Amino acid sequence: MSAPLPHARVVRKGGVAVAPPPVPMRERLAALEAGLGPRTRDALAAIIGLWPVTAVLLLALGLMWLSVMNA
């Protein structure tokens, strides 16, 4: 991931040093999504889109892990 580290930015406006307005969340999320590869993005979309199935699978795996640990 090539996201830059956050740092303080100061601009001069009318001779006064002020911080620029923050980048909107939508633009930050778009930049984050652009940084992901297409396969990673597709896998993440499938996991989020199929959240009920994912939750059931995680619950089943947790119950199997507990049964093995208590045996």
# chains A, B, ... in the order shown; residues from 1 in each chain; ligands from 1
$ select_by_dssp --residues "chain A" --states "helix (DSSP H, G or I)" --output "VMD selection string"
chain A and resid 25 to 35 38 to 49 51 to 69
$ write_last_selection --atoms "N, CA and C atoms" --output "tab-separated table (two decimals), in the first residue's frame"
chain	number	residue	atom	x	y	z
A	25	MET	N	-14.36	12.20	3.57
A	25	MET	CA	-14.28	10.76	3.80
A	25	MET	C	-14.49	9.98	2.51
A	26	ARG	N	-15.39	10.44	1.65
A	26	ARG	CA	-15.67	9.72	0.40
A	26	ARG	C	-14.41	9.64	-0.47
A	27	GLU	N	-13.65	10.73	-0.53
A	27	GLU	CA	-12.42	10.73	-1.32
A	27	GLU	C	-11.36	9.84	-0.69
A	28	ARG	N	-11.28	9.84	0.64
A	28	ARG	CA	-10.32	8.97	1.31
A	28	ARG	C	-10.64	7.50	1.07
A	29	LEU	N	-11.93	7.14	1.14
A	29	LEU	CA	-12.32	5.75	0.90
A	29	LEU	C	-12.09	5.36	-0.56
A	30	ALA	N	-12.32	6.30	-1.49
A	30	ALA	CA	-12.07	6.01	-2.90
A	30	ALA	C	-10.58	5.77	-3.14
A	31	ALA	N	-9.73	6.54	-2.48
A	31	ALA	CA	-8.29	6.34	-2.63
A	31	ALA	C	-7.87	5.01	-2.03
A	32	LEU	N	-8.47	4.63	-0.91
A	32	LEU	CA	-8.16	3.35	-0.29
A	32	LEU	C	-8.59	2.20	-1.19
A	33	GLU	N	-9.78	2.32	-1.78
A	33	GLU	CA	-10.28	1.28	-2.67
A	33	GLU	C	-9.42	1.17	-3.93
A	34	ALA	N	-8.94	2.29	-4.44
A	34	ALA	CA	-8.10	2.27	-5.64
A	34	ALA	C	-6.76	1.59	-5.35
A	35	GLY	N	-6.31	1.64	-4.10
A	35	GLY	CA	-5.05	1.03	-3.74
A	35	GLY	C	-5.12	-0.49	-3.65
A	38	PRO	N	-7.62	-5.81	-7.75
A	38	PRO	CA	-8.99	-6.21	-8.13
A	38	PRO	C	-9.44	-7.50	-7.44
A	39	ARG	N	-8.53	-8.44	-7.23
A	39	ARG	CA	-8.94	-9.69	-6.57
A	39	ARG	C	-9.24	-9.46	-5.10
A	40	THR	N	-8.44	-8.62	-4.45
A	40	THR	CA	-8.69	-8.31	-3.04
A	40	THR	C	-10.01	-7.58	-2.88
A	41	ARG	N	-10.26	-6.62	-3.78
A	41	ARG	CA	-11.50	-5.86	-3.74
A	41	ARG	C	-12.70	-6.78	-3.94
A	42	ASP	N	-12.60	-7.72	-4.89
A	42	ASP	CA	-13.70	-8.65	-5.15
A	42	ASP	C	-13.94	-9.57	-3.96
A	43	ALA	N	-12.86	-10.06	-3.33
A	43	ALA	CA	-13.01	-10.93	-2.17
A	43	ALA	C	-13.66	-10.18	-1.01
A	44	LEU	N	-13.22	-8.95	-0.78
A	44	LEU	CA	-13.80	-8.15	0.29
A	44	LEU	C	-15.27	-7.86	0.02
A	45	ALA	N	-15.62	-7.57	-1.23
A	45	ALA	CA	-17.02	-7.33	-1.59
A	45	ALA	C	-17.87	-8.57	-1.37
A	46	ALA	N	-17.32	-9.74	-1.68
A	46	ALA	CA	-18.07	-10.99	-1.47
A	46	ALA	C	-18.28	-11.25	0.01
A	47	ILE	N	-17.25	-11.02	0.82
A	47	ILE	CA	-17.38	-11.26	2.26
A	47	ILE	C	-18.41	-10.31	2.87
A	48	ILE	N	-18.37	-9.05	2.47
A	48	ILE	CA	-19.32	-8.08	3.01
A	48	ILE	C	-20.72	-8.35	2.47
A	49	GLY	N	-20.82	-8.69	1.18
A	49	GLY	CA	-22.14	-8.94	0.59
A	49	GLY	C	-22.80	-10.19	1.12
A	51	TRP	N	-22.58	-11.43	4.23
A	51	TRP	CA	-22.29	-11.39	5.66
A	51	TRP	C	-23.07	-12.42	6.46
A	52	PRO	N	-24.31	-12.77	6.11
A	52	PRO	CA	-24.98	-13.81	6.92
A	52	PRO	C	-24.26	-15.17	6.81
A	53	VAL	N	-23.83	-15.52	5.61
A	53	VAL	CA	-23.13	-16.78	5.42
A	53	VAL	C	-21.78	-16.73	6.15
A	54	THR	N	-21.11	-15.60	6.05
A	54	THR	CA	-19.82	-15.44	6.73
A	54	THR	C	-19.99	-15.58	8.23
A	55	ALA	N	-21.05	-14.99	8.79
A	55	ALA	CA	-21.29	-15.08	10.23
A	55	ALA	C	-21.56	-16.52	10.66
A	56	VAL	N	-22.35	-17.24	9.87
A	56	VAL	CA	-22.64	-18.64	10.21
A	56	VAL	C	-21.38	-19.49	10.13
A	57	LEU	N	-20.56	-19.26	9.11
A	57	LEU	CA	-19.31	-20.02	8.98
A	57	LEU	C	-18.36	-19.72	10.14
A	58	LEU	N	-18.26	-18.46	10.53
A	58	LEU	CA	-17.40	-18.12	11.67
A	58	LEU	C	-17.92	-18.74	12.96
A	59	LEU	N	-19.23	-18.74	13.14
A	59	LEU	CA	-19.83	-19.38	14.32
A	59	LEU	C	-19.55	-20.87	14.31
A	60	ALA	N	-19.72	-21.51	13.17
A	60	ALA	CA	-19.47	-22.96	13.08
A	60	ALA	C	-18.00	-23.27	13.37
A	61	LEU	N	-17.10	-22.47	12.79
A	61	LEU	CA	-15.67	-22.70	13.07
A	61	LEU	C	-15.35	-22.50	14.54
A	62	GLY	N	-15.95	-21.51	15.16
A	62	GLY	CA	-15.74	-21.27	16.58
A	62	GLY	C	-16.24	-22.42	17.44
A	63	LEU	N	-17.41	-22.95	17.10
A	63	LEU	CA	-17.95	-24.08	17.85
A	63	LEU	C	-17.09	-25.33	17.66
A	64	MET	N	-16.60	-25.55	16.44
A	64	MET	CA	-15.72	-26.70	16.23
A	64	MET	C	-14.42	-26.53	17.00
A	65	TRP	N	-13.88	-25.34	17.03
A	65	TRP	CA	-12.64	-25.09	17.78
A	65	TRP	C	-12.86	-25.33	19.27
A	66	LEU	N	-14.01	-24.86	19.80
A	66	LEU	CA	-14.31	-25.08	21.22
A	66	LEU	C	-14.48	-26.56	21.53
A	67	SER	N	-15.11	-27.31	20.62
A	67	SER	CA	-15.32	-28.74	20.88
A	67	SER	C	-13.98	-29.49	20.87
A	68	VAL	N	-13.07	-29.08	20.01
A	68	VAL	CA	-11.75	-29.73	19.98
A	68	VAL	C	-10.96	-29.37	21.23
A	69	MET	N	-11.02	-28.13	21.66
A	69	MET	CA	-10.26	-27.70	22.82
A	69	MET	C	-10.79	-28.30	24.12
